[in-house]
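See structure below.
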Amino acid sequence: ICAAGARPDLSFGEWQLTFENGAEAEGNGPLPELPLGIHRLRAEGRELTLLAAPPRLPEPARCWGLVAPLYGISETGIGSYADLAALAQGMGGKGAAFLGINPVHAGFPTVPQLFSPYTPSHRRRLNVIHLPCGAGTPVPRVDYARDIPARTAALRAEYDAFPGDPGFDAWQAAEGEGLQRFALHQALSARLGAFWGDWPATLASPDTPAAIAARAELAAEMRFHAWLQWRAERALAAAGQAARDGGMAHGLYLDLAVGTHPFGAETWEDRASFAFGASLGAPPDAFAPEGQNWSLAPFSPLGLRARAYAPLAETLRRQLQFAGVLRIDHILGFERAYWVPDAAPGAYVAMPRDAMLAVARIEAARAGNAVIVGEDLGNIPEGLREALAVSGILGCRVAMFERDGWHPPAFRAAESYDRGAIASFSTHDLPTWRGWRQGADITARARIAGQETAAQQQERAEEVAAFDRLLPDPGVDALHDFLARTPSLLVAVQAELLLDMADQPNLPGTDGEYPNWQLRLPVAAGDFPALPSVARTASIMRD
């Protein structure tokens, strides 16, 4: 790892250098200055990866933004990229500097029940269920089983009438082999099922003779899936442009899922970069006493190193193509990843932290000094937060967790929050302001498990009383004033709080027992910016 634009402190008798752009140089003695990027060096019988990164990302100006669930911002059907554009432009006019949403990675359109945005099929491709295609019937919750097939059928009809476009042809050619592999996977999925682990062994990778032969047979279907990606990229880019046109300094704030489905398109295309036979998860803690298994394939540290970190770089680059701010879910995995084997206790696996952080700095700088936020919550490894700070990567400071003591509860004053962070009250995995105060999460879990809640509700009442001692009153405006007074560089205002919603978007550890990722906002995207609560919050943040 060396500074971009500087000479690395390396010297060899003879060396051959391949720059990221393919240019080559050779010589002996000290190496030349290295431009921003990932370069390969051959010297003294070894091959080395040189990461030429900025030592630190620049600090963004203090600002605030809105975080909203993309899937739930439409009155009908699944929220679309067009809805996102409308919301972004309106909120930009209110002074918001960014609009954060759930991950928009490619999912499993042939399996409508697998709709969690944090269980993607491919993190370098986009979710096409967010493409706009006509109005639907208003329902209280997002109905994926109804809406995904209906939206797919509508998109198919639109494609059948597609006359062609030179822009699509040029884009498809520029995307190259990676797009073709993804499109082939999607076409095979429609025929053989969503998960490649269930396919015939002859199709276990895109390089088998059977898979190569299938390209000719499925060429028309592959073009359809390529067209869907083209449409999705154009729609998401348009939403980002609408955000900036509306006055947002950073535009969209996207979210990178921590892992990928073990038998989705990403692992089928790039088997060597992932570990199999184990899932990402978390060890037992107060939040999940039995530990967590997320059923996600982890990056292999050796696989990443062997490929000069290209899979990580490409994944980050895809997100930053559309976003001015990128949240990396569970960035603790840059230090150590908790692997849960199929039939054994879990264990931590060391990851190449410094190299992964350097790759993140490279891609953020390449995107015009984008802001990187690392979700640093949970069992935080010693030294990780310091390493993030040195890199200029912001952490997450969640008010309900920011405490000087837990028993009895003692919450930190606004002035003591970290500067290099994004401050919020909650997250998508935690209660809303109203729900926290009412113990809605406690009630929901107790209803599922059939447990008594008296002791937990009493503890929550003590927590609420302790937090209220920091506020002039228990209203959400007072909460937002508290967050605005923190020194944290970014403040995230959650849409559910502005709408006084009690139910949280996701209840971790549940599946069908709770309507995860299905709660719709009661106000349409275009009407949201005109809410009185938005005006009050914008005034608080501005002041």
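Residues in the structure tokens are named by chain (A, B, ... in the order shown) and by number from 1 within that chain; ligands are numbered from 1 in the order shown.
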
*asked:* What's around region 368-380 of chain A at 6 Å? Count only C-alpha atoms, leave out sequence neighbours fewer than 2 positions away in its own chain, and write the answer as a list in words.
replied: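 Those residues are Gly324, Val325, Leu326, Arg327, Ile328, Asp329, His330, Ile331, Ala364, Ala365, Arg366, Ile393, Leu394, Gly395 and Cys396 of chain A.
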
*Find the spatial neighbours of region 19-26 of chain A, counting only C-alpha atoms, within a cut-off of 6 Å - ignore same-chain residues fewer than 3 positions away - and output them as a PyMOL selection string.*
chain A and resi 15-16+38-39

Arg244 (chain A) environment, 8 Å, only C-alpha atoms, sequence neighbours closer than 6 positions dropped, as a PDB file with all heavy atoms, in the first residue's frame:
```
ATOM      1  N   GLN A  89     -35.641  14.743  -5.489  1.00  0.00           N
ATOM      2  CA  GLN A  89     -35.709  16.133  -5.940  1.00  0.00           C
ATOM      3  C   GLN A  89     -36.450  17.001  -4.929  1.00  0.00           C
ATOM      4  O   GLN A  89     -36.037  18.115  -4.619  1.00  0.00           O
ATOM      5  CB  GLN A  89     -36.388  16.207  -7.303  1.00  0.00           C
ATOM      6  CG  GLN A  89     -36.292  17.579  -7.951  1.00  0.00           C
ATOM      7  CD  GLN A  89     -36.368  17.514  -9.457  1.00  0.00           C
ATOM      8  OE1 GLN A  89     -37.032  16.654 -10.010  1.00  0.00           O
ATOM      9  NE2 GLN A  89     -35.695  18.427 -10.134  1.00  0.00           N
ATOM     10  N   GLY A  92     -34.277  17.494  -1.786  1.00  0.00           N
ATOM     11  CA  GLY A  92     -33.181  18.402  -2.067  1.00  0.00           C
ATOM     12  C   GLY A  92     -33.605  19.849  -1.894  1.00  0.00           C
ATOM     13  O   GLY A  92     -32.854  20.684  -1.376  1.00  0.00           O
ATOM     14  N   HIS A 250     -24.700  15.518  -2.128  1.00  0.00           N
ATOM     15  CA  HIS A 250     -24.151  14.180  -2.320  1.00  0.00           C
ATOM     16  C   HIS A 250     -25.043  13.272  -3.167  1.00  0.00           C
ATOM     17  O   HIS A 250     -24.598  12.209  -3.595  1.00  0.00           O
ATOM     18  CB  HIS A 250     -23.911  13.519  -0.963  1.00  0.00           C
ATOM     19  CG  HIS A 250     -22.928  14.242  -0.102  1.00  0.00           C
ATOM     20  ND1 HIS A 250     -21.594  14.376  -0.431  1.00  0.00           N
ATOM     21  CD2 HIS A 250     -23.081  14.904   1.076  1.00  0.00           C
ATOM     22  CE1 HIS A 250     -20.970  15.075   0.512  1.00  0.00           C
ATOM     23  NE2 HIS A 250     -21.853  15.410   1.429  1.00  0.00           N
ATOM     24  N   GLY A 251     -26.278  13.647  -3.371  1.00  0.00           N
ATOM     25  CA  GLY A 251     -27.167  12.793  -4.155  1.00  0.00           C
ATOM     26  C   GLY A 251     -27.586  11.559  -3.381  1.00  0.00           C
ATOM     27  O   GLY A 251     -27.957  11.633  -2.210  1.00  0.00           O
TER      28      GLY A 251
END
```

Could you list, with a cut-off of 9 Å and counting only C-alpha atoms, the residues of region 258-368 of chain A near region 101-123 of chain A, each shown with its nearest atom pair and the distance in Å rounded to one decimal, rows sorted by chain and ascending number, as a tab-separated table?
```
residue	atom	partner	partner_atom	distance
A:Val258	CA	A:Tyr118	CA	7.6
A:Gly259	CA	A:Thr119	CA	7.4
A:Thr260	CA	A:Pro120	CA	5.3
A:His261	CA	A:Ser121	CA	5.6
A:Pro262	CA	A:Ser121	CA	8.3
A:Phe263	CA	A:Ser121	CA	7.7
A:Gly264	CA	A:Ser121	CA	4.3
A:Ala265	CA	A:Ser121	CA	5.2
A:Glu266	CA	A:His122	CA	4.5
A:Thr267	CA	A:His122	CA	7.9
A:Trp294	CA	A:Thr119	CA	8.5
A:Ser295	CA	A:Thr119	CA	8.2
A:Leu296	CA	A:Thr119	CA	7.1
A:Thr315	CA	A:Arg123	CA	6.4
A:Arg318	CA	A:Arg123	CA	8.3
A:Gln319	CA	A:Arg123	CA	8.6
```

Selection export as a PDB file, in the first residue's frame, atoms kept: N, CA, C and O atoms:
```pdb
ATOM      1  N   VAL A 258     -23.417  -6.912   3.108  1.00  0.00           N
ATOM      2  CA  VAL A 258     -22.166  -7.479   3.608  1.00  0.00           C
ATOM      3  C   VAL A 258     -21.757  -8.735   2.852  1.00  0.00           C
ATOM      4  O   VAL A 258     -20.567  -9.061   2.769  1.00  0.00           O
ATOM      5  N   GLY A 259     -22.718  -9.451   2.298  1.00  0.00           N
ATOM      6  CA  GLY A 259     -22.401 -10.691   1.587  1.00  0.00           C
ATOM      7  C   GLY A 259     -23.405 -10.944   0.491  1.00  0.00           C
ATOM      8  O   GLY A 259     -24.264 -10.109   0.194  1.00  0.00           O
ATOM      9  N   THR A 260     -23.314 -12.113  -0.114  1.00  0.00           N
ATOM     10  CA  THR A 260     -24.172 -12.461  -1.235  1.00  0.00           C
ATOM     11  C   THR A 260     -24.707 -13.874  -1.039  1.00  0.00           C
ATOM     12  O   THR A 260     -24.131 -14.675  -0.287  1.00  0.00           O
ATOM     13  N   HIS A 261     -25.823 -14.187  -1.696  1.00  0.00           N
ATOM     14  CA  HIS A 261     -26.404 -15.521  -1.564  1.00  0.00           C
ATOM     15  C   HIS A 261     -25.402 -16.566  -2.061  1.00  0.00           C
ATOM     16  O   HIS A 261     -24.767 -16.378  -3.100  1.00  0.00           O
ATOM     17  N   PRO A 262     -25.228 -17.665  -1.331  1.00  0.00           N
ATOM     18  CA  PRO A 262     -24.205 -18.647  -1.732  1.00  0.00           C
ATOM     19  C   PRO A 262     -24.465 -19.302  -3.073  1.00  0.00           C
ATOM     20  O   PRO A 262     -23.525 -19.852  -3.677  1.00  0.00           O
ATOM     21  N   PHE A 263     -25.703 -19.255  -3.582  1.00  0.00           N
ATOM     22  CA  PHE A 263     -25.997 -19.891  -4.863  1.00  0.00           C
ATOM     23  C   PHE A 263     -26.715 -18.932  -5.804  1.00  0.00           C
ATOM     24  O   PHE A 263     -27.621 -19.318  -6.539  1.00  0.00           O
ATOM     25  N   GLY A 264     -26.287 -17.669  -5.779  1.00  0.00           N
ATOM     26  CA  GLY A 264     -26.821 -16.671  -6.688  1.00  0.00           C
ATOM     27  C   GLY A 264     -25.880 -16.410  -7.845  1.00  0.00           C
ATOM     28  O   GLY A 264     -24.883 -17.110  -8.068  1.00  0.00           O
ATOM     29  N   ALA A 265     -26.174 -15.348  -8.582  1.00  0.00           N
ATOM     30  CA  ALA A 265     -25.414 -15.045  -9.788  1.00  0.00           C
ATOM     31  C   ALA A 265     -23.967 -14.652  -9.497  1.00  0.00           C
ATOM     32  O   ALA A 265     -23.061 -14.958 -10.278  1.00  0.00           O
ATOM     33  N   GLU A 266     -23.736 -13.980  -8.366  1.00  0.00           N
ATOM     34  CA  GLU A 266     -22.385 -13.491  -8.072  1.00  0.00           C
ATOM     35  C   GLU A 266     -21.414 -14.631  -7.823  1.00  0.00           C
ATOM     36  O   GLU A 266     -20.282 -14.624  -8.323  1.00  0.00           O
ATOM     37  N   THR A 267     -21.821 -15.621  -7.051  1.00  0.00           N
ATOM     38  CA  THR A 267     -20.922 -16.746  -6.777  1.00  0.00           C
ATOM     39  C   THR A 267     -20.794 -17.663  -7.984  1.00  0.00           C
ATOM     40  O   THR A 267     -19.763 -18.325  -8.159  1.00  0.00           O
ATOM     41  N   TRP A 294     -26.350 -15.576   8.788  1.00  0.00           N
ATOM     42  CA  TRP A 294     -27.018 -14.740   7.791  1.00  0.00           C
ATOM     43  C   TRP A 294     -27.216 -15.444   6.454  1.00  0.00           C
ATOM     44  O   TRP A 294     -27.771 -14.858   5.525  1.00  0.00           O
ATOM     45  N   SER A 295     -26.735 -16.677   6.332  1.00  0.00           N
ATOM     46  CA  SER A 295     -26.875 -17.437   5.082  1.00  0.00           C
ATOM     47  C   SER A 295     -26.329 -16.666   3.882  1.00  0.00           C
ATOM     48  O   SER A 295     -26.949 -16.603   2.822  1.00  0.00           O
ATOM     49  N   LEU A 296     -25.159 -16.084   4.069  1.00  0.00           N
ATOM     50  CA  LEU A 296     -24.497 -15.312   3.021  1.00  0.00           C
ATOM     51  C   LEU A 296     -23.082 -15.838   2.805  1.00  0.00           C
ATOM     52  O   LEU A 296     -22.379 -16.163   3.763  1.00  0.00           O
ATOM     53  N   THR A 315     -17.077  -4.169  -7.013  1.00  0.00           N
ATOM     54  CA  THR A 315     -18.333  -4.064  -6.264  1.00  0.00           C
ATOM     55  C   THR A 315     -18.538  -2.647  -5.745  1.00  0.00           C
ATOM     56  O   THR A 315     -19.628  -2.078  -5.856  1.00  0.00           O
ATOM     57  N   ARG A 318     -19.274  -0.150  -8.693  1.00  0.00           N
ATOM     58  CA  ARG A 318     -20.645  -0.221  -9.206  1.00  0.00           C
ATOM     59  C   ARG A 318     -21.585   0.660  -8.376  1.00  0.00           C
ATOM     60  O   ARG A 318     -22.448   1.338  -8.920  1.00  0.00           O
ATOM     61  N   GLN A 319     -21.423   0.629  -7.064  1.00  0.00           N
ATOM     62  CA  GLN A 319     -22.295   1.445  -6.216  1.00  0.00           C
ATOM     63  C   GLN A 319     -21.978   2.929  -6.385  1.00  0.00           C
ATOM     64  O   GLN A 319     -22.879   3.767  -6.495  1.00  0.00           O
TER      65      GLN A 319
END
```

*asked:* Taking 4 positions as the minimum chain separation for residues in the same chain, which residues sit within 9 Å of Ala355 (chain A) when counting only C-alpha atoms? Answer as number ranges by chain.
replied: A: 1, 51, 309, 359-360

Just to be explicit: take each residue in the selection above, keep N, CA and C atoms, and write the result as a PDB file, in the first residue's frame.
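Generated file (again-v1.pdb):
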```
ATOM      1  N   ILE A   1       0.853  -1.176   0.000  1.00  0.00           N
ATOM      2  CA  ILE A   1       0.000   0.000   0.000  1.00  0.00           C
ATOM      3  C   ILE A   1       0.898   1.238   0.000  1.00  0.00           C
ATOM      4  N   LEU A  51      -1.254  -1.187  -4.132  1.00  0.00           N
ATOM      5  CA  LEU A  51      -2.468  -0.394  -3.964  1.00  0.00           C
ATOM      6  C   LEU A  51      -2.064   1.058  -3.776  1.00  0.00           C
ATOM      7  N   TYR A 309      -7.692  -7.992  -5.372  1.00  0.00           N
ATOM      8  CA  TYR A 309      -8.821  -7.262  -4.774  1.00  0.00           C
ATOM      9  C   TYR A 309      -9.800  -6.714  -5.816  1.00  0.00           C
ATOM     10  N   VAL A 359      -8.470  -0.142  -0.840  1.00  0.00           N
ATOM     11  CA  VAL A 359      -9.321  -0.286  -2.030  1.00  0.00           C
ATOM     12  C   VAL A 359     -10.529   0.634  -1.922  1.00  0.00           C
ATOM     13  N   ALA A 360     -11.125   0.719  -0.729  1.00  0.00           N
ATOM     14  CA  ALA A 360     -12.271   1.612  -0.542  1.00  0.00           C
ATOM     15  C   ALA A 360     -11.867   3.064  -0.791  1.00  0.00           C
TER      16      ALA A 360
END
```

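Between CA of Asp527 (chain A) and CA of Met541 (chain A) lies a distance of 20.4 Å.
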
*Within 12 Å of Tyr514 (chain A), counting only C-alpha atoms, which residues show up once you throw out same-chain ones fewer than 2 positions away? Write them as a list in words, please.*
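Near Tyr514 (chain A), the qualifying residues are Arg141, Asp441, Thr443, Ala444, Arg445, Ala446, Arg447, Ile448, Ala449, Asp503, Gln504, Pro505, Asn506, Leu507, Pro508, Gly509, Thr510, Asp511, Gly512, Asn516, Trp517, Gln518 and Leu519 of chain A.
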
Take the selection from the previous step and output its residues with N, CA and C atoms, as a CSV table (one decimal), in the first residue's frame.
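That gives us out_39.csv:
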```csv
chain,number,residue,atom,x,y,z
A,141,ARG,N,-49.5,-3.2,2.6
A,141,ARG,CA,-48.1,-3.7,2.6
A,141,ARG,C,-47.7,-4.0,1.2
A,441,ASP,N,-41.1,-3.3,19.6
A,441,ASP,CA,-40.2,-4.4,19.3
A,441,ASP,C,-40.3,-5.5,20.3
A,443,THR,N,-42.9,-6.1,22.2
A,443,THR,CA,-44.2,-6.8,22.0
A,443,THR,C,-44.2,-7.7,20.8
A,444,ALA,N,-43.5,-7.3,19.7
A,444,ALA,CA,-43.5,-8.1,18.5
A,444,ALA,C,-42.8,-9.4,18.8
A,445,ARG,N,-41.6,-9.3,19.4
A,445,ARG,CA,-40.8,-10.5,19.7
A,445,ARG,C,-41.6,-11.5,20.7
A,446,ALA,N,-42.2,-10.9,21.7
A,446,ALA,CA,-42.9,-11.7,22.7
A,446,ALA,C,-44.1,-12.4,22.0
A,447,ARG,N,-44.8,-11.7,21.1
A,447,ARG,CA,-45.9,-12.3,20.4
A,447,ARG,C,-45.5,-13.5,19.6
A,448,ILE,N,-44.3,-13.4,19.0
A,448,ILE,CA,-43.8,-14.5,18.2
A,448,ILE,C,-43.3,-15.7,19.1
A,449,ALA,N,-42.6,-15.4,20.2
A,449,ALA,CA,-42.1,-16.4,21.1
A,449,ALA,C,-43.0,-16.8,22.2
A,503,ASP,N,-43.9,0.7,13.8
A,503,ASP,CA,-43.3,-0.6,13.4
A,503,ASP,C,-42.0,-0.3,12.7
A,504,GLN,N,-41.0,-1.2,13.0
A,504,GLN,CA,-39.7,-1.0,12.4
A,504,GLN,C,-39.7,-1.8,11.0
A,505,PRO,N,-38.8,-1.4,10.1
A,505,PRO,CA,-38.8,-2.1,8.8
A,505,PRO,C,-38.4,-3.5,8.8
A,506,ASN,N,-37.5,-3.9,9.7
A,506,ASN,CA,-37.0,-5.3,9.8
A,506,ASN,C,-36.8,-5.7,11.2
A,507,LEU,N,-37.3,-6.9,11.6
A,507,LEU,CA,-37.1,-7.5,12.9
A,507,LEU,C,-36.1,-8.6,12.8
A,508,PRO,N,-34.8,-8.4,13.0
A,508,PRO,CA,-33.8,-9.4,12.8
A,508,PRO,C,-34.1,-10.7,13.5
A,509,GLY,N,-33.8,-11.8,12.9
A,509,GLY,CA,-34.0,-13.1,13.5
A,509,GLY,C,-35.4,-13.7,13.1
A,510,THR,N,-36.2,-13.0,12.4
A,510,THR,CA,-37.5,-13.4,12.0
A,510,THR,C,-37.6,-13.6,10.5
A,511,ASP,N,-38.6,-14.4,10.1
A,511,ASP,CA,-38.8,-14.6,8.6
A,511,ASP,C,-40.2,-14.2,8.3
A,512,GLY,N,-41.1,-15.2,8.3
A,512,GLY,CA,-42.5,-14.9,8.0
A,512,GLY,C,-43.3,-14.5,9.2
A,516,ASN,N,-41.2,-8.2,7.5
A,516,ASN,CA,-39.9,-7.6,7.1
A,516,ASN,C,-39.9,-7.0,5.7
A,517,TRP,N,-39.4,-5.8,5.5
A,517,TRP,CA,-39.2,-5.2,4.2
A,517,TRP,C,-40.5,-5.1,3.4
A,518,GLN,N,-41.7,-5.0,4.1
A,518,GLN,CA,-43.0,-4.9,3.5
A,518,GLN,C,-43.8,-3.7,3.9
A,519,LEU,N,-43.3,-3.0,4.9
A,519,LEU,CA,-44.1,-1.9,5.4
A,519,LEU,C,-44.0,-0.7,4.5
```

_Atomic separation - CA of Arg124 (chain A) relative to CA of Pro206 (chain A), Å_ = 16.6 Å

*Separation of CA of Ile212 (chain A) and CA of His185 (chain A), in Å?*
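Value for the CA of Ile212 (chain A)-CA of His185 (chain A) distance: 11.4 Å.
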
_Here is a test: counting only C-alpha atoms, which residue of A:Pro140, A:Gly45, A:Gly164, A:Gly475 is nearest to Arg223 (chain A)?_
A:Gly164

*Which is closest to Leu483 (chain A) among A:Ala421, A:Ala524, A:Val349, A:Met222, if we use only C-alpha atoms?*
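Ranking A:Ala421, A:Ala524, A:Val349, A:Met222 by distance to Leu483 (chain A), first place goes to A:Ala421.
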
*Which of these, A:Trp268, A:Ala213, A:Asp245, A:Ala97, has the shortest distance to Arg181 (chain A) once you count only C-alpha atoms?*
A:Trp268
